[in-house]
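What follows is the content of entry-v7.txt, which has compact mmCIF, N, CA, C and O atoms:
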# COMPACT_ATOMS: atom_id res chain seq x y z
N MET A 1 -14.12 73.05 -11.12
CA MET A 1 -14.23 71.69 -11.60
C MET A 1 -15.40 71.02 -10.86
O MET A 1 -15.48 71.08 -9.64
N ASN A 2 -16.29 70.37 -11.61
CA ASN A 2 -17.44 69.74 -10.96
C ASN A 2 -17.08 68.32 -10.51
O ASN A 2 -15.99 67.81 -10.75
N ALA A 3 -18.01 67.69 -9.82
CA ALA A 3 -17.76 66.36 -9.24
C ALA A 3 -17.44 65.32 -10.31
O ALA A 3 -16.57 64.47 -10.12
N ARG A 4 -18.11 65.39 -11.45
CA ARG A 4 -17.86 64.42 -12.52
C ARG A 4 -16.44 64.58 -13.07
O ARG A 4 -15.74 63.60 -13.29
N GLN A 5 -16.03 65.81 -13.29
CA GLN A 5 -14.67 66.06 -13.79
C GLN A 5 -13.62 65.64 -12.76
O GLN A 5 -12.60 65.05 -13.13
N THR A 6 -13.88 65.93 -11.51
CA THR A 6 -12.95 65.55 -10.45
C THR A 6 -12.84 64.03 -10.36
O THR A 6 -11.74 63.47 -10.25
N THR A 7 -13.98 63.35 -10.44
CA THR A 7 -13.98 61.89 -10.40
C THR A 7 -13.21 61.32 -11.58
O THR A 7 -12.41 60.39 -11.43
N ALA A 8 -13.43 61.85 -12.77
CA ALA A 8 -12.72 61.37 -13.97
C ALA A 8 -11.22 61.59 -13.82
O ALA A 8 -10.42 60.71 -14.18
N LYS A 9 -10.84 62.75 -13.28
CA LYS A 9 -9.42 63.04 -13.08
C LYS A 9 -8.80 62.05 -12.10
O LYS A 9 -7.73 61.49 -12.35
N HIS A 10 -9.48 61.80 -10.99
CA HIS A 10 -8.97 60.87 -9.99
C HIS A 10 -8.94 59.44 -10.53
O HIS A 10 -8.00 58.69 -10.24
N ALA A 11 -9.94 59.06 -11.30
CA ALA A 11 -9.97 57.72 -11.88
C ALA A 11 -8.80 57.51 -12.85
O ALA A 11 -8.17 56.45 -12.86
N ALA A 12 -8.50 58.52 -13.64
CA ALA A 12 -7.37 58.41 -14.59
C ALA A 12 -6.05 58.28 -13.83
O ALA A 12 -5.19 57.47 -14.20
N MET A 13 -5.88 59.07 -12.77
CA MET A 13 -4.66 58.98 -11.98
C MET A 13 -4.55 57.63 -11.30
O MET A 13 -3.49 57.02 -11.27
N LEU A 14 -5.67 57.13 -10.78
CA LEU A 14 -5.68 55.82 -10.14
C LEU A 14 -5.30 54.73 -11.13
O LEU A 14 -4.52 53.83 -10.80
N ALA A 15 -5.83 54.79 -12.34
CA ALA A 15 -5.48 53.80 -13.36
C ALA A 15 -3.99 53.82 -13.67
O ALA A 15 -3.35 52.77 -13.79
N THR A 16 -3.42 55.01 -13.75
CA THR A 16 -1.98 55.13 -14.00
C THR A 16 -1.17 54.55 -12.85
O THR A 16 -0.23 53.79 -13.06
N LEU A 17 -1.56 54.90 -11.63
CA LEU A 17 -0.83 54.39 -10.46
C LEU A 17 -0.97 52.88 -10.32
O LEU A 17 0.00 52.19 -9.98
N LEU A 18 -2.15 52.35 -10.57
CA LEU A 18 -2.35 50.91 -10.45
C LEU A 18 -1.50 50.15 -11.46
O LEU A 18 -0.99 49.07 -11.15
N THR A 19 -1.34 50.70 -12.65
CA THR A 19 -0.49 50.07 -13.65
C THR A 19 0.95 50.01 -13.15
O THR A 19 1.63 48.99 -13.27
N ARG A 20 1.42 51.11 -12.57
CA ARG A 20 2.78 51.15 -12.03
C ARG A 20 2.92 50.22 -10.82
O ARG A 20 3.94 49.56 -10.65
N MET A 21 1.89 50.17 -9.98
CA MET A 21 1.92 49.28 -8.82
C MET A 21 1.94 47.82 -9.26
O MET A 21 2.64 46.99 -8.66
N GLN A 22 1.22 47.52 -10.31
CA GLN A 22 1.19 46.15 -10.82
C GLN A 22 2.59 45.73 -11.27
O GLN A 22 3.03 44.62 -10.99
N ALA A 23 3.29 46.62 -11.93
CA ALA A 23 4.67 46.32 -12.35
C ALA A 23 5.57 46.10 -11.14
O ALA A 23 6.40 45.18 -11.13
N ALA A 24 5.38 46.90 -10.09
CA ALA A 24 6.19 46.75 -8.89
C ALA A 24 5.92 45.42 -8.20
O ALA A 24 6.83 44.81 -7.65
N THR A 25 4.66 44.97 -8.23
CA THR A 25 4.34 43.69 -7.58
C THR A 25 5.03 42.53 -8.26
O THR A 25 5.24 41.48 -7.65
N ARG A 26 5.40 42.72 -9.50
CA ARG A 26 6.10 41.66 -10.23
C ARG A 26 7.61 41.70 -10.00
O ARG A 26 8.28 40.68 -10.16
N THR A 27 8.15 42.86 -9.66
CA THR A 27 9.60 42.96 -9.53
C THR A 27 10.09 42.94 -8.09
O THR A 27 11.08 42.29 -7.79
N ILE A 28 9.42 43.63 -7.18
CA ILE A 28 9.91 43.73 -5.80
C ILE A 28 10.10 42.35 -5.14
O ILE A 28 11.15 42.11 -4.55
N PRO A 29 9.13 41.44 -5.22
CA PRO A 29 9.32 40.15 -4.55
C PRO A 29 10.49 39.32 -5.11
O PRO A 29 10.95 38.39 -4.46
N HIS A 30 10.95 39.66 -6.29
CA HIS A 30 12.01 38.88 -6.93
C HIS A 30 13.38 39.55 -6.85
O HIS A 30 14.35 39.05 -7.42
N GLN A 31 13.44 40.67 -6.14
CA GLN A 31 14.72 41.33 -5.97
C GLN A 31 15.62 40.46 -5.11
O GLN A 31 15.16 39.70 -4.26
N GLU A 32 16.91 40.59 -5.34
CA GLU A 32 17.87 39.76 -4.61
C GLU A 32 17.77 39.98 -3.10
O GLU A 32 17.83 39.04 -2.32
N ARG A 33 17.64 41.24 -2.70
CA ARG A 33 17.54 41.55 -1.27
C ARG A 33 16.19 42.20 -0.99
O ARG A 33 15.83 43.18 -1.60
N ILE A 34 15.48 41.62 -0.05
CA ILE A 34 14.21 42.18 0.39
C ILE A 34 14.37 42.53 1.87
O ILE A 34 14.88 41.74 2.65
N ASN A 35 13.93 43.71 2.24
CA ASN A 35 14.01 44.08 3.65
C ASN A 35 12.60 44.27 4.22
O ASN A 35 11.61 44.29 3.49
N TRP A 36 12.53 44.41 5.53
CA TRP A 36 11.23 44.56 6.18
C TRP A 36 10.51 45.83 5.73
O TRP A 36 9.29 45.91 5.76
N GLY A 37 11.28 46.84 5.32
CA GLY A 37 10.65 48.06 4.82
C GLY A 37 9.77 47.78 3.61
O GLY A 37 8.66 48.30 3.50
N HIS A 38 10.27 46.90 2.72
CA HIS A 38 9.46 46.54 1.55
C HIS A 38 8.19 45.83 2.00
O HIS A 38 7.09 46.10 1.50
N ALA A 39 8.31 44.92 2.95
CA ALA A 39 7.15 44.16 3.41
C ALA A 39 6.11 45.10 4.03
O ALA A 39 4.91 44.98 3.76
N GLU A 40 6.57 46.04 4.84
CA GLU A 40 5.64 46.98 5.47
C GLU A 40 4.99 47.90 4.45
O GLU A 40 3.79 48.17 4.51
N GLN A 41 5.77 48.35 3.47
CA GLN A 41 5.21 49.22 2.44
C GLN A 41 4.20 48.49 1.59
O GLN A 41 3.16 49.05 1.22
N MET A 42 4.47 47.22 1.28
CA MET A 42 3.52 46.44 0.49
C MET A 42 2.24 46.21 1.29
O MET A 42 1.14 46.26 0.74
N HIS A 43 2.36 45.98 2.60
CA HIS A 43 1.18 45.81 3.44
C HIS A 43 0.34 47.08 3.46
O HIS A 43 -0.89 47.04 3.32
N ASP A 44 1.00 48.23 3.62
CA ASP A 44 0.28 49.50 3.62
C ASP A 44 -0.40 49.74 2.27
O ASP A 44 -1.55 50.19 2.22
N ALA A 45 0.30 49.44 1.18
CA ALA A 45 -0.28 49.62 -0.15
C ALA A 45 -1.51 48.73 -0.31
O ALA A 45 -2.54 49.17 -0.84
N LEU A 46 -1.42 47.49 0.15
CA LEU A 46 -2.55 46.57 0.05
C LEU A 46 -3.73 47.08 0.87
O LEU A 46 -4.87 47.06 0.41
N LYS A 47 -3.45 47.55 2.08
CA LYS A 47 -4.52 48.07 2.95
C LYS A 47 -5.27 49.20 2.26
O LYS A 47 -6.50 49.18 2.19
N TYR A 48 -4.54 50.15 1.72
CA TYR A 48 -5.21 51.29 1.09
C TYR A 48 -5.86 50.91 -0.24
O TYR A 48 -6.89 51.49 -0.61
N ALA A 49 -5.31 49.92 -0.93
CA ALA A 49 -5.94 49.44 -2.16
C ALA A 49 -7.28 48.79 -1.84
O ALA A 49 -8.27 49.00 -2.55
N VAL A 50 -7.32 48.01 -0.76
CA VAL A 50 -8.59 47.38 -0.35
C VAL A 50 -9.60 48.46 0.05
O VAL A 50 -10.77 48.41 -0.34
N TYR A 51 -9.16 49.46 0.82
CA TYR A 51 -10.07 50.54 1.22
C TYR A 51 -10.59 51.29 -0.01
O TYR A 51 -11.77 51.63 -0.09
N ALA A 52 -9.71 51.54 -0.97
CA ALA A 52 -10.13 52.24 -2.19
C ALA A 52 -11.12 51.38 -2.98
O ALA A 52 -12.12 51.89 -3.49
N ALA A 53 -10.83 50.09 -3.07
CA ALA A 53 -11.73 49.19 -3.80
C ALA A 53 -13.11 49.16 -3.14
O ALA A 53 -14.13 49.16 -3.82
N PHE A 54 -13.13 49.17 -1.81
CA PHE A 54 -14.40 49.20 -1.10
C PHE A 54 -15.14 50.51 -1.37
O PHE A 54 -16.33 50.52 -1.65
N ALA A 55 -14.41 51.61 -1.30
CA ALA A 55 -15.03 52.92 -1.53
C ALA A 55 -15.62 53.03 -2.93
O ALA A 55 -16.64 53.71 -3.14
N MET A 56 -15.00 52.35 -3.90
CA MET A 56 -15.49 52.40 -5.28
C MET A 56 -16.54 51.33 -5.55
O MET A 56 -17.06 51.24 -6.65
N GLY A 57 -16.82 50.49 -4.57
CA GLY A 57 -17.81 49.44 -4.75
C GLY A 57 -17.28 48.23 -5.48
O GLY A 57 -18.06 47.38 -5.93
N ALA A 58 -15.96 48.10 -5.58
CA ALA A 58 -15.37 46.97 -6.29
C ALA A 58 -15.29 45.72 -5.41
O ALA A 58 -15.22 44.61 -5.93
N VAL A 59 -15.26 45.90 -4.10
CA VAL A 59 -15.32 44.78 -3.16
C VAL A 59 -16.35 45.11 -2.10
O VAL A 59 -16.61 46.26 -1.79
N THR A 60 -16.93 44.05 -1.55
CA THR A 60 -17.92 44.23 -0.49
C THR A 60 -17.21 44.31 0.86
O THR A 60 -16.01 44.05 0.98
N GLU A 61 -17.99 44.65 1.87
CA GLU A 61 -17.44 44.70 3.23
C GLU A 61 -16.91 43.33 3.64
O GLU A 61 -15.84 43.22 4.25
N ASN A 62 -17.64 42.28 3.30
CA ASN A 62 -17.20 40.91 3.63
C ASN A 62 -15.91 40.54 2.89
O ASN A 62 -15.03 39.90 3.46
N GLU A 63 -15.81 40.93 1.62
CA GLU A 63 -14.59 40.64 0.86
C GLU A 63 -13.39 41.37 1.45
O GLU A 63 -12.31 40.81 1.54
N ALA A 64 -13.59 42.61 1.85
CA ALA A 64 -12.50 43.38 2.47
C ALA A 64 -12.07 42.70 3.76
O ALA A 64 -10.86 42.56 4.02
N ALA A 65 -13.02 42.23 4.56
CA ALA A 65 -12.69 41.53 5.80
C ALA A 65 -11.96 40.22 5.50
O ALA A 65 -11.00 39.87 6.20
N ASP A 66 -12.39 39.50 4.46
CA ASP A 66 -11.72 38.26 4.08
C ASP A 66 -10.27 38.50 3.67
O ASP A 66 -9.41 37.64 3.85
N LEU A 67 -10.00 39.69 3.14
CA LEU A 67 -8.64 40.05 2.75
C LEU A 67 -7.82 40.53 3.95
O LEU A 67 -6.63 40.78 3.83
N GLY A 68 -8.47 40.63 5.10
CA GLY A 68 -7.77 41.01 6.32
C GLY A 68 -7.84 42.48 6.66
O GLY A 68 -7.13 42.97 7.53
N PHE A 69 -8.70 43.22 5.96
CA PHE A 69 -8.82 44.66 6.18
C PHE A 69 -10.29 45.04 6.34
O PHE A 69 -10.90 45.59 5.43
N PRO A 70 -10.87 44.77 7.51
CA PRO A 70 -12.27 45.12 7.69
C PRO A 70 -12.47 46.62 7.60
O PRO A 70 -11.61 47.40 8.00
N VAL A 71 -13.57 47.01 7.00
CA VAL A 71 -13.88 48.44 6.82
C VAL A 71 -15.03 48.84 7.71
O VAL A 71 -15.76 48.05 8.22
Show me the file's structure as structure tokens.
Amino acid sequence: MNARQTTAKHAAMLATLLTRMQAATRTIPHQERINWGHAEQMHDALKYAVYAAFAMGAVTENEAADLGFPV
């Protein structure tokens, strides 16, 4: 598999995961019981989402820092 095919495969998987993550962001905060595990997992997810966005050129270094995750 060449780099273009690998990139397309990863981009498709990322799009699928982001759709599922978006649905979770709408439901988890509204659950009757929220525990610290959810808060920590959401923080970790946000951190890696910001890093991924930076790697893809979707956010700048300054924007990542403004979000609290300097790269």
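Atom C of A:Ala12 is found 17.4 Å from atom CA of A:Tyr51.
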*Residue list (helix (DSSP H, G or I), DSSP) for chain A, as a PyMOL selection string*: chain A and resi 3-30+36-55+61-66
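Those residues positioned at most 6 Å from (3.6, 45.9, -6.0) are Arg20, Met21, Gln22, Ala23, Ala24, Thr25 and Arg26 of chain A, judged using all atoms listed in the file.
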_Considering only C-alpha atoms, can you say which of A:Arg33, A:Ala8, A:Leu18, A:Asp66 comes closest to A:Ala45?_
A:Leu18
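One finds atom N of A:Ala64 at 6.8 Å from atom O of A:Val50.
As for atom CA of A:Phe54 and atom CA of A:Gly68, they are spaced 12.9 Å apart.
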*Compare A:Gln5, A:Thr19, A:Ala55, A:Phe69 by their minimum atom-to-atom distance to A:His43, counting only C-alpha atoms, and give me the closest one.*
A:Phe69
